[in-house]
$ cat structure_36.txt   # compact mmCIF, N, CA and C atoms
# COMPACT_ATOMS: atom_id res chain seq x y z
N MET A 1 86.68 166.45 41.71
CA MET A 1 86.64 165.02 41.66
C MET A 1 85.72 164.49 42.76
N SER A 2 84.73 163.70 42.37
CA SER A 2 83.84 163.12 43.37
C SER A 2 84.28 161.68 43.61
N GLY A 3 84.23 161.28 44.83
CA GLY A 3 84.64 159.92 45.16
C GLY A 3 84.41 159.65 46.63
N ILE A 4 84.85 158.53 47.05
CA ILE A 4 84.69 158.11 48.44
C ILE A 4 86.05 158.11 49.09
N ARG A 5 86.11 158.71 50.25
CA ARG A 5 87.37 158.71 50.99
C ARG A 5 87.51 157.39 51.76
N ILE A 6 88.72 157.08 52.11
CA ILE A 6 89.01 155.81 52.80
C ILE A 6 88.24 155.72 54.11
N GLY A 7 88.17 156.77 54.87
CA GLY A 7 87.44 156.76 56.14
C GLY A 7 85.96 156.52 55.93
N GLU A 8 85.38 157.07 54.88
CA GLU A 8 83.97 156.87 54.57
C GLU A 8 83.70 155.46 54.07
N LEU A 9 84.65 154.89 53.35
CA LEU A 9 84.50 153.54 52.80
C LEU A 9 84.31 152.52 53.92
N GLU A 10 85.08 152.67 54.98
CA GLU A 10 84.96 151.75 56.11
C GLU A 10 83.56 151.82 56.71
N ALA A 11 83.03 153.02 56.90
CA ALA A 11 81.69 153.19 57.49
C ALA A 11 80.63 152.60 56.56
N ILE A 12 80.77 152.78 55.25
CA ILE A 12 79.81 152.24 54.29
C ILE A 12 79.81 150.71 54.34
N ILE A 13 80.96 150.10 54.39
CA ILE A 13 81.07 148.63 54.43
C ILE A 13 80.46 148.08 55.72
N VAL A 14 80.77 148.72 56.84
CA VAL A 14 80.24 148.26 58.13
C VAL A 14 78.72 148.37 58.15
N ASN A 15 78.17 149.48 57.66
CA ASN A 15 76.72 149.65 57.62
C ASN A 15 76.05 148.61 56.73
N SER A 16 76.66 148.32 55.59
CA SER A 16 76.10 147.32 54.67
C SER A 16 76.08 145.94 55.31
N ILE A 17 77.14 145.58 55.98
CA ILE A 17 77.23 144.26 56.64
C ILE A 17 76.19 144.17 57.76
N GLU A 18 76.01 145.24 58.53
CA GLU A 18 75.02 145.23 59.62
C GLU A 18 73.61 145.07 59.07
N GLU A 19 73.30 145.69 57.94
CA GLU A 19 71.97 145.55 57.33
C GLU A 19 71.71 144.10 56.90
N VAL A 20 72.72 143.47 56.31
CA VAL A 20 72.57 142.08 55.86
C VAL A 20 72.36 141.16 57.07
N ILE A 21 73.11 141.39 58.13
CA ILE A 21 72.98 140.56 59.34
C ILE A 21 71.59 140.73 59.94
N GLU A 22 71.08 141.97 60.02
CA GLU A 22 69.75 142.20 60.57
C GLU A 22 68.67 141.51 59.74
N ASP A 23 68.79 141.56 58.41
CA ASP A 23 67.83 140.88 57.54
C ASP A 23 67.85 139.38 57.77
N ASN A 24 69.05 138.80 57.91
CA ASN A 24 69.16 137.36 58.15
C ASN A 24 68.60 136.97 59.51
N GLU A 25 68.80 137.80 60.52
CA GLU A 25 68.27 137.51 61.85
C GLU A 25 66.74 137.52 61.84
N GLU A 26 66.16 138.49 61.14
CA GLU A 26 64.70 138.54 61.05
C GLU A 26 64.14 137.32 60.33
N ALA A 27 64.80 136.91 59.25
CA ALA A 27 64.36 135.72 58.52
C ALA A 27 64.49 134.47 59.40
N LEU A 28 65.57 134.38 60.16
CA LEU A 28 65.76 133.24 61.06
C LEU A 28 64.67 133.21 62.12
N GLN A 29 64.34 134.35 62.69
CA GLN A 29 63.29 134.41 63.71
C GLN A 29 61.95 133.97 63.14
N ARG A 30 61.64 134.41 61.92
CA ARG A 30 60.38 133.98 61.29
C ARG A 30 60.36 132.48 61.06
N ASN A 31 61.49 131.93 60.58
CA ASN A 31 61.56 130.49 60.32
C ASN A 31 61.45 129.67 61.62
N VAL A 32 62.11 130.14 62.67
CA VAL A 32 62.05 129.43 63.95
C VAL A 32 60.63 129.47 64.51
N LYS A 33 59.97 130.62 64.41
CA LYS A 33 58.60 130.73 64.90
C LYS A 33 57.67 129.83 64.09
N ALA A 34 57.84 129.78 62.77
CA ALA A 34 57.01 128.91 61.93
C ALA A 34 57.23 127.44 62.28
N ALA A 35 58.48 127.05 62.52
CA ALA A 35 58.77 125.66 62.89
C ALA A 35 58.14 125.32 64.25
N GLY A 36 58.22 126.24 65.20
CA GLY A 36 57.60 126.01 66.51
C GLY A 36 56.09 125.87 66.41
N ASN A 37 55.47 126.72 65.60
CA ASN A 37 54.01 126.64 65.42
C ASN A 37 53.61 125.34 64.74
N LYS A 38 54.43 124.89 63.79
CA LYS A 38 54.13 123.62 63.12
C LYS A 38 54.23 122.46 64.11
N ALA A 39 55.25 122.49 64.97
CA ALA A 39 55.40 121.44 65.98
C ALA A 39 54.21 121.42 66.92
N VAL A 40 53.73 122.59 67.31
CA VAL A 40 52.56 122.68 68.19
C VAL A 40 51.34 122.08 67.51
N ARG A 41 51.12 122.43 66.23
CA ARG A 41 49.97 121.87 65.50
C ARG A 41 50.05 120.35 65.42
N MET A 42 51.24 119.84 65.11
CA MET A 42 51.40 118.39 64.99
C MET A 42 51.18 117.69 66.33
N LEU A 43 51.70 118.27 67.41
CA LEU A 43 51.52 117.67 68.73
C LEU A 43 50.06 117.70 69.16
N LYS A 44 49.33 118.76 68.83
CA LYS A 44 47.91 118.82 69.17
C LYS A 44 47.13 117.75 68.42
N GLU A 45 47.55 117.45 67.19
CA GLU A 45 46.87 116.41 66.41
C GLU A 45 47.20 115.01 66.92
N ARG A 46 48.45 114.77 67.26
CA ARG A 46 48.92 113.42 67.57
C ARG A 46 48.87 113.03 69.03
N SER A 47 48.67 113.98 69.93
CA SER A 47 48.66 113.67 71.36
C SER A 47 47.40 112.91 71.74
N ARG A 48 47.49 112.22 72.87
CA ARG A 48 46.34 111.48 73.37
C ARG A 48 45.23 112.43 73.77
N LYS A 49 44.00 112.00 73.50
CA LYS A 49 42.83 112.80 73.86
C LYS A 49 41.87 111.91 74.64
N ARG A 50 41.55 112.29 75.84
CA ARG A 50 40.59 111.54 76.65
C ARG A 50 39.32 112.34 76.73
N LYS A 51 38.21 111.71 76.40
CA LYS A 51 36.92 112.41 76.36
C LYS A 51 36.53 112.95 77.72
N ARG A 52 36.79 112.21 78.76
CA ARG A 52 36.31 112.65 80.06
C ARG A 52 37.12 113.84 80.59
N HIS A 53 38.32 114.06 80.06
CA HIS A 53 39.12 115.22 80.47
C HIS A 53 39.03 116.35 79.45
N GLY A 54 38.25 116.17 78.40
CA GLY A 54 38.05 117.22 77.42
C GLY A 54 39.23 117.45 76.49
N GLY A 55 40.17 116.53 76.45
CA GLY A 55 41.33 116.68 75.58
C GLY A 55 42.27 117.79 76.04
N SER A 56 42.32 118.06 77.33
CA SER A 56 43.12 119.17 77.85
C SER A 56 44.62 118.95 77.62
N TYR A 57 45.07 117.70 77.64
CA TYR A 57 46.49 117.44 77.39
C TYR A 57 46.86 117.85 75.97
N ALA A 58 46.06 117.45 75.00
CA ALA A 58 46.37 117.79 73.60
C ALA A 58 46.24 119.29 73.36
N LYS A 59 45.32 119.95 74.05
CA LYS A 59 45.13 121.39 73.87
C LYS A 59 46.21 122.22 74.56
N GLY A 60 46.98 121.61 75.44
CA GLY A 60 47.92 122.36 76.28
C GLY A 60 49.25 122.71 75.65
N TRP A 61 49.50 122.38 74.41
CA TRP A 61 50.79 122.64 73.77
C TRP A 61 50.91 124.11 73.37
N SER A 62 52.11 124.67 73.57
CA SER A 62 52.39 126.04 73.12
C SER A 62 53.89 126.16 72.85
N ALA A 63 54.25 127.24 72.15
CA ALA A 63 55.65 127.46 71.78
C ALA A 63 56.06 128.87 72.18
N ASP A 64 57.27 129.00 72.69
CA ASP A 64 57.85 130.30 73.06
C ASP A 64 59.14 130.49 72.27
N VAL A 65 59.23 131.62 71.56
CA VAL A 65 60.44 131.96 70.79
C VAL A 65 61.18 133.05 71.54
N LYS A 66 62.47 132.83 71.78
CA LYS A 66 63.30 133.81 72.47
C LYS A 66 64.53 134.11 71.64
N THR A 67 64.86 135.39 71.55
CA THR A 67 66.06 135.82 70.84
C THR A 67 66.99 136.47 71.84
N GLU A 68 68.20 135.96 71.90
CA GLU A 68 69.22 136.49 72.80
C GLU A 68 70.48 136.74 71.99
N ALA A 69 71.51 137.18 72.66
CA ALA A 69 72.78 137.45 71.98
C ALA A 69 73.39 136.18 71.41
N THR A 70 73.10 135.04 72.04
CA THR A 70 73.68 133.77 71.59
C THR A 70 72.89 133.12 70.46
N GLY A 71 71.65 133.59 70.21
CA GLY A 71 70.88 133.02 69.11
C GLY A 71 69.40 133.03 69.39
N THR A 72 68.66 132.42 68.48
CA THR A 72 67.20 132.34 68.58
C THR A 72 66.82 130.91 68.91
N THR A 73 65.97 130.74 69.92
CA THR A 73 65.53 129.41 70.32
C THR A 73 64.01 129.36 70.39
N CYS A 74 63.48 128.17 70.20
CA CYS A 74 62.05 127.94 70.33
C CYS A 74 61.85 126.75 71.27
N VAL A 75 61.06 126.97 72.30
CA VAL A 75 60.77 125.92 73.27
C VAL A 75 59.29 125.57 73.14
N VAL A 76 59.02 124.30 72.85
CA VAL A 76 57.65 123.81 72.77
C VAL A 76 57.38 123.05 74.06
N HIS A 77 56.28 123.39 74.73
CA HIS A 77 56.00 122.78 76.03
C HIS A 77 54.51 122.59 76.22
N ASN A 78 54.17 121.80 77.24
CA ASN A 78 52.79 121.52 77.58
C ASN A 78 52.55 122.01 79.00
N ARG A 79 51.33 122.46 79.27
CA ARG A 79 51.00 122.91 80.63
C ARG A 79 51.11 121.77 81.63
N GLN A 80 50.83 120.54 81.19
CA GLN A 80 50.87 119.37 82.07
C GLN A 80 52.20 118.64 81.86
N TYR A 81 53.29 119.27 82.33
CA TYR A 81 54.62 118.74 82.04
C TYR A 81 54.89 117.39 82.69
N GLN A 82 54.32 117.12 83.84
CA GLN A 82 54.55 115.82 84.47
C GLN A 82 53.94 114.70 83.63
N LEU A 83 52.73 114.92 83.14
CA LEU A 83 52.06 113.94 82.30
C LEU A 83 52.82 113.75 80.99
N THR A 84 53.35 114.84 80.46
CA THR A 84 54.13 114.77 79.22
C THR A 84 55.30 113.81 79.38
N HIS A 85 56.02 113.93 80.49
CA HIS A 85 57.17 113.05 80.74
C HIS A 85 56.73 111.59 80.85
N LEU A 86 55.64 111.33 81.55
CA LEU A 86 55.17 109.95 81.72
C LEU A 86 54.72 109.34 80.40
N LEU A 87 53.97 110.10 79.61
CA LEU A 87 53.47 109.56 78.34
C LEU A 87 54.59 109.36 77.32
N GLU A 88 55.58 110.22 77.34
CA GLU A 88 56.67 110.11 76.37
C GLU A 88 57.62 108.97 76.72
N ASN A 89 57.96 108.82 77.99
CA ASN A 89 58.98 107.87 78.40
C ASN A 89 58.45 106.57 79.00
N GLY A 90 57.17 106.51 79.30
CA GLY A 90 56.61 105.31 79.93
C GLY A 90 56.67 105.43 81.44
N HIS A 91 55.96 104.53 82.12
CA HIS A 91 55.93 104.56 83.57
C HIS A 91 55.50 103.21 84.11
N ALA A 92 55.75 103.01 85.39
CA ALA A 92 55.36 101.77 86.06
C ALA A 92 53.88 101.83 86.42
N ILE A 93 53.25 100.66 86.47
CA ILE A 93 51.85 100.55 86.87
C ILE A 93 51.83 100.10 88.33
N LYS A 94 51.14 100.88 89.16
CA LYS A 94 51.04 100.54 90.58
C LYS A 94 49.60 100.12 90.87
N ASN A 95 49.43 98.98 91.55
CA ASN A 95 48.07 98.54 91.89
C ASN A 95 47.70 98.98 93.31
N GLN A 96 46.50 98.59 93.75
CA GLN A 96 46.02 99.05 95.05
C GLN A 96 46.77 98.44 96.23
N PHE A 97 47.56 97.40 96.00
CA PHE A 97 48.32 96.76 97.08
C PHE A 97 49.72 97.33 97.22
N GLY A 98 50.09 98.26 96.36
CA GLY A 98 51.40 98.90 96.47
C GLY A 98 52.49 98.22 95.67
N SER A 99 52.16 97.18 94.93
CA SER A 99 53.19 96.53 94.12
C SER A 99 53.11 97.05 92.68
N TYR A 100 54.16 96.81 91.95
CA TYR A 100 54.26 97.29 90.57
C TYR A 100 54.24 96.08 89.62
N PRO A 101 53.07 95.69 89.11
CA PRO A 101 52.97 94.49 88.29
C PRO A 101 53.43 94.66 86.85
N GLY A 102 53.66 95.87 86.39
CA GLY A 102 54.05 96.03 85.00
C GLY A 102 54.50 97.43 84.67
N LYS A 103 54.71 97.64 83.39
CA LYS A 103 55.19 98.93 82.92
C LYS A 103 54.46 99.30 81.64
N VAL A 104 54.13 100.57 81.50
CA VAL A 104 53.51 101.09 80.28
C VAL A 104 54.61 101.71 79.43
N GLU A 105 54.70 101.30 78.19
CA GLU A 105 55.72 101.87 77.29
C GLU A 105 55.32 103.27 76.86
N GLY A 106 56.30 104.11 76.65
CA GLY A 106 56.04 105.47 76.19
C GLY A 106 55.61 105.48 74.73
N ASP A 107 54.89 106.53 74.33
CA ASP A 107 54.41 106.60 72.96
C ASP A 107 55.37 107.36 72.04
N HIS A 108 56.30 108.13 72.55
CA HIS A 108 57.35 108.82 71.79
C HIS A 108 56.79 109.73 70.69
N VAL A 109 55.66 110.36 70.95
CA VAL A 109 55.07 111.30 70.00
C VAL A 109 55.94 112.54 69.87
N ILE A 110 56.44 113.05 70.98
CA ILE A 110 57.25 114.26 70.96
C ILE A 110 58.53 114.04 70.16
N GLU A 111 59.15 112.90 70.36
CA GLU A 111 60.39 112.59 69.64
C GLU A 111 60.15 112.54 68.13
N GLY A 112 59.05 111.93 67.71
CA GLY A 112 58.74 111.85 66.29
C GLY A 112 58.48 113.22 65.67
N VAL A 113 57.73 114.05 66.38
CA VAL A 113 57.45 115.41 65.88
C VAL A 113 58.74 116.21 65.82
N TYR A 114 59.58 116.07 66.84
CA TYR A 114 60.86 116.79 66.86
C TYR A 114 61.71 116.43 65.65
N ARG A 115 61.80 115.15 65.36
CA ARG A 115 62.61 114.72 64.21
C ARG A 115 62.07 115.26 62.89
N GLU A 116 60.75 115.22 62.72
CA GLU A 116 60.15 115.71 61.48
C GLU A 116 60.38 117.21 61.30
N VAL A 117 60.12 117.97 62.34
CA VAL A 117 60.27 119.43 62.25
C VAL A 117 61.74 119.81 62.09
N ALA A 118 62.63 119.14 62.80
CA ALA A 118 64.05 119.45 62.70
C ALA A 118 64.58 119.15 61.29
N ALA A 119 64.14 118.03 60.70
CA ALA A 119 64.58 117.70 59.35
C ALA A 119 64.08 118.73 58.34
N GLU A 120 62.83 119.15 58.49
CA GLU A 120 62.29 120.15 57.58
C GLU A 120 62.97 121.50 57.77
N PHE A 121 63.26 121.87 59.01
CA PHE A 121 63.92 123.14 59.29
C PHE A 121 65.33 123.14 58.72
N SER A 122 66.06 122.04 58.84
CA SER A 122 67.41 121.98 58.31
C SER A 122 67.43 121.99 56.78
N LYS A 123 66.41 121.41 56.13
CA LYS A 123 66.33 121.48 54.69
C LYS A 123 66.10 122.91 54.21
N GLY A 124 65.29 123.65 54.96
CA GLY A 124 65.02 125.04 54.61
C GLY A 124 66.21 125.95 54.79
N ALA A 125 67.14 125.56 55.67
CA ALA A 125 68.31 126.39 55.95
C ALA A 125 69.38 126.27 54.87
N GLN A 126 69.32 125.23 54.05
CA GLN A 126 70.36 125.03 53.04
C GLN A 126 70.16 125.88 51.83

$ encode --input "structure_36.txt" --output "structure tokens"
Amino acid sequence: MSGIRIGELEAIIVNSIEEVIEDNEEALQRNVKAAGNKAVRMLKERSRKRKRHGGSYAKGWSADVKTEATGTTCVVHNRQYQLTHLLENGHAIKNQFGSYPGKVEGDHVIEGVYREVAAEFSKGAQ
């Protein structure tokens, strides 16, 4: 009589489940990387570009994908992080006399790109 013993059945089930989990993790990593790359492309298109600086702010976007035991994350960042904060959130205008006559409103480009990419990523997960 050929068949599967109870001890072997447990090992077969565990191996099958591990294979499915590994396949899902790889697919998730690919999707996260694709979403990060899309965000970088959108930010490079929509960011401010100044001719005299060669558009270095817009060119400075990059994405890092990290996989840990807790999950897969993608961090999109710019080399000029201080400028990124000022352009996104706005800042005070200081004149040569040391007073602050006004405020520049932020452009919220990062927030808009984040919402678009997050909505598309969540639709793909369903």

$ residues_near_point --input "structure_36.txt" --point "(54.5, 116.5, 60.8)" --cutoff "6.5 Å" --atoms "all atoms listed in the file" --output "mmCIF file with N, CA and C atoms, in the coordinates of the input"
data_model
loop_
_atom_site.group_PDB
_atom_site.id
_atom_site.type_symbol
_atom_site.label_atom_id
_atom_site.label_comp_id
_atom_site.auth_asym_id
_atom_site.auth_seq_id
_atom_site.Cartn_x
_atom_site.Cartn_y
_atom_site.Cartn_z
ATOM 1 N N MET A 42 51.240 119.840 65.110
ATOM 2 C CA MET A 42 51.400 118.390 64.990
ATOM 3 C C MET A 42 51.180 117.690 66.330
ATOM 4 N N VAL A 113 57.730 114.050 66.380
ATOM 5 C CA VAL A 113 57.450 115.410 65.880
ATOM 6 C C VAL A 113 58.740 116.210 65.820
ATOM 7 N N GLU A 116 60.750 115.220 62.720
ATOM 8 C CA GLU A 116 60.150 115.710 61.480
ATOM 9 C C GLU A 116 60.380 117.210 61.300
ATOM 10 N N VAL A 117 60.120 117.970 62.340
ATOM 11 C CA VAL A 117 60.270 119.430 62.250
ATOM 12 C C VAL A 117 61.740 119.810 62.090
#

$ atom_distance --input "structure_36.txt" --atom1 "atom C of Ala39 of chain A" --atom2 "atom N of Ala92 of chain A"
26.1 Å

$ closest_residue --input "structure_36.txt" --among "A:Gly3, A:Gly124, A:Gly98, A:Gly36" --to "Val65 of chain A" --atoms "only N, CA and C atoms"
A:Gly36

$ residues_around --input "structure_36.txt" --residues "Val104 of chain A" --least-positions-apart "3" --cutoff "6.5 Å" --atoms "only N, CA and C atoms" --output "ChimeraX atom specification"
/A:89-93

$ atom_distance --input "structure_36.txt" --atom1 "atom C of His108 of chain A" --atom2 "atom CA of Gln80 of chain A"
16.0 Å

$ closest_residue --input "structure_36.txt" --among "A:Phe121, A:Arg52, A:Val76, A:Leu43" --to "Val109 of chain A" --atoms "only C-alpha atoms"
A:Leu43

$ residues_near_point --input "structure_36.txt" --point "(47.6, 119.4, 74.1)" --cutoff "8 Å" --atoms "only C-alpha atoms" --output "PyMOL selection string"
chain A and resi 43-44+47+55-61+78

$ atom_distance --input "structure_36.txt" --atom1 "atom C of Ile17 of chain A" --atom2 "atom CA of Thr67 of chain A"
18.5 Å

$ closest_residue --input "structure_36.txt" --among "A:Lys49, A:Arg79, A:Ala11, A:Ile110" --to "Ser62 of chain A" --atoms "only N, CA and C atoms"
A:Arg79

$ select_by_dssp --input "structure_36.txt" --residues "segment 20-118 of chain A" --states "helix (DSSP H, G or I)" --output "ChimeraX atom specification"
/A:20-46,51-53,56-59,81-89,109-118

$ select_by_dssp --input "structure_36.txt" --residues "segment 7-124 of chain A" --states "strand (DSSP E)" --output "MDAnalysis selection string"
chainID A and resid 61:68 71:78 91:93 102:104

$ closest_residue --input "structure_36.txt" --among "A:Leu9, A:Val20, A:Ala69, A:Cys74" --to "Lys33 of chain A" --atoms "all atoms listed in the file"
A:Cys74

$ closest_residue --input "structure_36.txt" --among "A:Gln82, A:Asn95, A:Thr72, A:Asn37" --to "Asn24 of chain A" --atoms "only C-alpha atoms"
A:Thr72

$ decode --input "structure_36.txt" --residues "segment 75-101 of chain A" --atoms "N, CA, C and O atoms" --output "PDB file, in the first residue's frame"
ATOM      1  N   VAL A  75      11.418  53.941   1.041  1.00  0.00           N
ATOM      2  CA  VAL A  75      11.609  55.324   1.467  1.00  0.00           C
ATOM      3  C   VAL A  75      12.055  56.123   0.253  1.00  0.00           C
ATOM      4  O   VAL A  75      13.064  55.810  -0.366  1.00  0.00           O
ATOM      5  N   VAL A  76      11.288  57.154  -0.083  1.00  0.00           N
ATOM      6  CA  VAL A  76      11.634  58.051  -1.180  1.00  0.00           C
ATOM      7  C   VAL A  76      12.193  59.319  -0.547  1.00  0.00           C
ATOM      8  O   VAL A  76      11.571  59.898   0.346  1.00  0.00           O
ATOM      9  N   HIS A  77      13.374  59.732  -0.991  1.00  0.00           N
ATOM     10  CA  HIS A  77      14.018  60.889  -0.368  1.00  0.00           C
ATOM     11  C   HIS A  77      14.783  61.695  -1.404  1.00  0.00           C
ATOM     12  O   HIS A  77      15.001  61.258  -2.530  1.00  0.00           O
ATOM     13  N   ASN A  78      15.176  62.900  -0.990  1.00  0.00           N
ATOM     14  CA  ASN A  78      15.937  63.803  -1.838  1.00  0.00           C
ATOM     15  C   ASN A  78      17.259  64.086  -1.160  1.00  0.00           C
ATOM     16  O   ASN A  78      17.341  64.148   0.070  1.00  0.00           O
ATOM     17  N   ARG A  79      18.303  64.292  -1.954  1.00  0.00           N
ATOM     18  CA  ARG A  79      19.614  64.615  -1.381  1.00  0.00           C
ATOM     19  C   ARG A  79      19.573  65.932  -0.625  1.00  0.00           C
ATOM     20  O   ARG A  79      20.296  66.121   0.346  1.00  0.00           O
ATOM     21  N   GLN A  80      18.726  66.868  -1.058  1.00  0.00           N
ATOM     22  CA  GLN A  80      18.624  68.185  -0.420  1.00  0.00           C
ATOM     23  C   GLN A  80      17.417  68.188   0.522  1.00  0.00           C
ATOM     24  O   GLN A  80      16.413  68.854   0.293  1.00  0.00           O
ATOM     25  N   TYR A  81      17.541  67.449   1.626  1.00  0.00           N
ATOM     26  CA  TYR A  81      16.390  67.251   2.504  1.00  0.00           C
ATOM     27  C   TYR A  81      15.923  68.530   3.188  1.00  0.00           C
ATOM     28  O   TYR A  81      14.738  68.690   3.442  1.00  0.00           O
ATOM     29  N   GLN A  82      16.809  69.456   3.474  1.00  0.00           N
ATOM     30  CA  GLN A  82      16.375  70.699   4.111  1.00  0.00           C
ATOM     31  C   GLN A  82      15.493  71.503   3.159  1.00  0.00           C
ATOM     32  O   GLN A  82      14.462  72.051   3.553  1.00  0.00           O
ATOM     33  N   LEU A  83      15.893  71.581   1.904  1.00  0.00           N
ATOM     34  CA  LEU A  83      15.118  72.298   0.901  1.00  0.00           C
ATOM     35  C   LEU A  83      13.776  71.618   0.676  1.00  0.00           C
ATOM     36  O   LEU A  83      12.758  72.278   0.500  1.00  0.00           O
ATOM     37  N   THR A  84      13.776  70.297   0.710  1.00  0.00           N
ATOM     38  CA  THR A  84      12.535  69.541   0.542  1.00  0.00           C
ATOM     39  C   THR A  84      11.520  69.943   1.598  1.00  0.00           C
ATOM     40  O   THR A  84      10.357  70.178   1.298  1.00  0.00           O
ATOM     41  N   HIS A  85      11.956  70.034   2.843  1.00  0.00           N
ATOM     42  CA  HIS A  85      11.058  70.418   3.934  1.00  0.00           C
ATOM     43  C   HIS A  85      10.522  71.834   3.727  1.00  0.00           C
ATOM     44  O   HIS A  85       9.321  72.077   3.893  1.00  0.00           O
ATOM     45  N   LEU A  86      11.379  72.761   3.332  1.00  0.00           N
ATOM     46  CA  LEU A  86      10.946  74.146   3.141  1.00  0.00           C
ATOM     47  C   LEU A  86       9.958  74.274   1.989  1.00  0.00           C
ATOM     48  O   LEU A  86       8.950  74.986   2.096  1.00  0.00           O
ATOM     49  N   LEU A  87      10.232  73.613   0.875  1.00  0.00           N
ATOM     50  CA  LEU A  87       9.340  73.715  -0.285  1.00  0.00           C
ATOM     51  C   LEU A  87       7.998  73.028  -0.037  1.00  0.00           C
ATOM     52  O   LEU A  87       6.970  73.484  -0.523  1.00  0.00           O
ATOM     53  N   GLU A  88       8.006  71.947   0.695  1.00  0.00           N
ATOM     54  CA  GLU A  88       6.762  71.209   0.945  1.00  0.00           C
ATOM     55  C   GLU A  88       5.873  71.933   1.955  1.00  0.00           C
ATOM     56  O   GLU A  88       4.668  72.039   1.775  1.00  0.00           O
ATOM     57  N   ASN A  89       6.466  72.455   3.022  1.00  0.00           N
ATOM     58  CA  ASN A  89       5.685  73.020   4.123  1.00  0.00           C
ATOM     59  C   ASN A  89       5.612  74.539   4.135  1.00  0.00           C
ATOM     60  O   ASN A  89       4.848  75.102   4.909  1.00  0.00           O
ATOM     61  N   GLY A  90       6.411  75.209   3.332  1.00  0.00           N
ATOM     62  CA  GLY A  90       6.429  76.674   3.344  1.00  0.00           C
ATOM     63  C   GLY A  90       7.460  77.182   4.341  1.00  0.00           C
ATOM     64  O   GLY A  90       7.991  76.436   5.154  1.00  0.00           O
ATOM     65  N   HIS A  91       7.752  78.481   4.246  1.00  0.00           N
ATOM     66  CA  HIS A  91       8.737  79.071   5.138  1.00  0.00           C
ATOM     67  C   HIS A  91       8.548  80.571   5.199  1.00  0.00           C
ATOM     68  O   HIS A  91       7.876  81.166   4.366  1.00  0.00           O
ATOM     69  N   ALA A  92       9.156  81.176   6.204  1.00  0.00           N
ATOM     70  CA  ALA A  92       9.092  82.623   6.375  1.00  0.00           C
ATOM     71  C   ALA A  92      10.098  83.295   5.448  1.00  0.00           C
ATOM     72  O   ALA A  92      11.130  82.724   5.113  1.00  0.00           O
ATOM     73  N   ILE A  93       9.780  84.519   5.039  1.00  0.00           N
ATOM     74  CA  ILE A  93      10.678  85.316   4.206  1.00  0.00           C
ATOM     75  C   ILE A  93      11.397  86.297   5.129  1.00  0.00           C
ATOM     76  O   ILE A  93      10.761  87.059   5.856  1.00  0.00           O
ATOM     77  N   LYS A  94      12.728  86.271   5.073  1.00  0.00           N
ATOM     78  CA  LYS A  94      13.518  87.180   5.899  1.00  0.00           C
ATOM     79  C   LYS A  94      14.191  88.205   4.985  1.00  0.00           C
ATOM     80  O   LYS A  94      14.787  87.840   3.973  1.00  0.00           O
ATOM     81  N   ASN A  95      14.080  89.485   5.330  1.00  0.00           N
ATOM     82  CA  ASN A  95      14.728  90.517   4.510  1.00  0.00           C
ATOM     83  C   ASN A  95      16.098  90.884   5.089  1.00  0.00           C
ATOM     84  O   ASN A  95      16.520  90.328   6.105  1.00  0.00           O
ATOM     85  N   GLN A  96      16.765  91.855   4.447  1.00  0.00           N
ATOM     86  CA  GLN A  96      18.119  92.201   4.869  1.00  0.00           C
ATOM     87  C   GLN A  96      18.182  92.899   6.221  1.00  0.00           C
ATOM     88  O   GLN A  96      19.249  93.014   6.804  1.00  0.00           O
ATOM     89  N   PHE A  97      17.047  93.356   6.740  1.00  0.00           N
ATOM     90  CA  PHE A  97      17.016  94.050   8.029  1.00  0.00           C
ATOM     91  C   PHE A  97      16.739  93.098   9.187  1.00  0.00           C
ATOM     92  O   PHE A  97      16.678  93.520  10.335  1.00  0.00           O
ATOM     93  N   GLY A  98      16.515  91.834   8.894  1.00  0.00           N
ATOM     94  CA  GLY A  98      16.295  90.848   9.950  1.00  0.00           C
ATOM     95  C   GLY A  98      14.845  90.656  10.330  1.00  0.00           C
ATOM     96  O   GLY A  98      14.552  89.898  11.249  1.00  0.00           O
ATOM     97  N   SER A  99      13.927  91.334   9.657  1.00  0.00           N
ATOM     98  CA  SER A  99      12.519  91.135   9.984  1.00  0.00           C
ATOM     99  C   SER A  99      11.905  90.136   8.990  1.00  0.00           C
ATOM    100  O   SER A  99      12.471  89.843   7.943  1.00  0.00           O
ATOM    101  N   TYR A 100      10.763  89.632   9.359  1.00  0.00           N
ATOM    102  CA  TYR A 100      10.076  88.621   8.557  1.00  0.00           C
ATOM    103  C   TYR A 100       8.777  89.224   8.000  1.00  0.00           C
ATOM    104  O   TYR A 100       7.747  89.179   8.662  1.00  0.00           O
ATOM    105  N   PRO A 101       8.807  89.782   6.792  1.00  0.00           N
ATOM    106  CA  PRO A 101       7.634  90.472   6.254  1.00  0.00           C
ATOM    107  C   PRO A 101       6.553  89.549   5.695  1.00  0.00           C
ATOM    108  O   PRO A 101       5.463  90.000   5.409  1.00  0.00           O
TER     109      PRO A 101
END
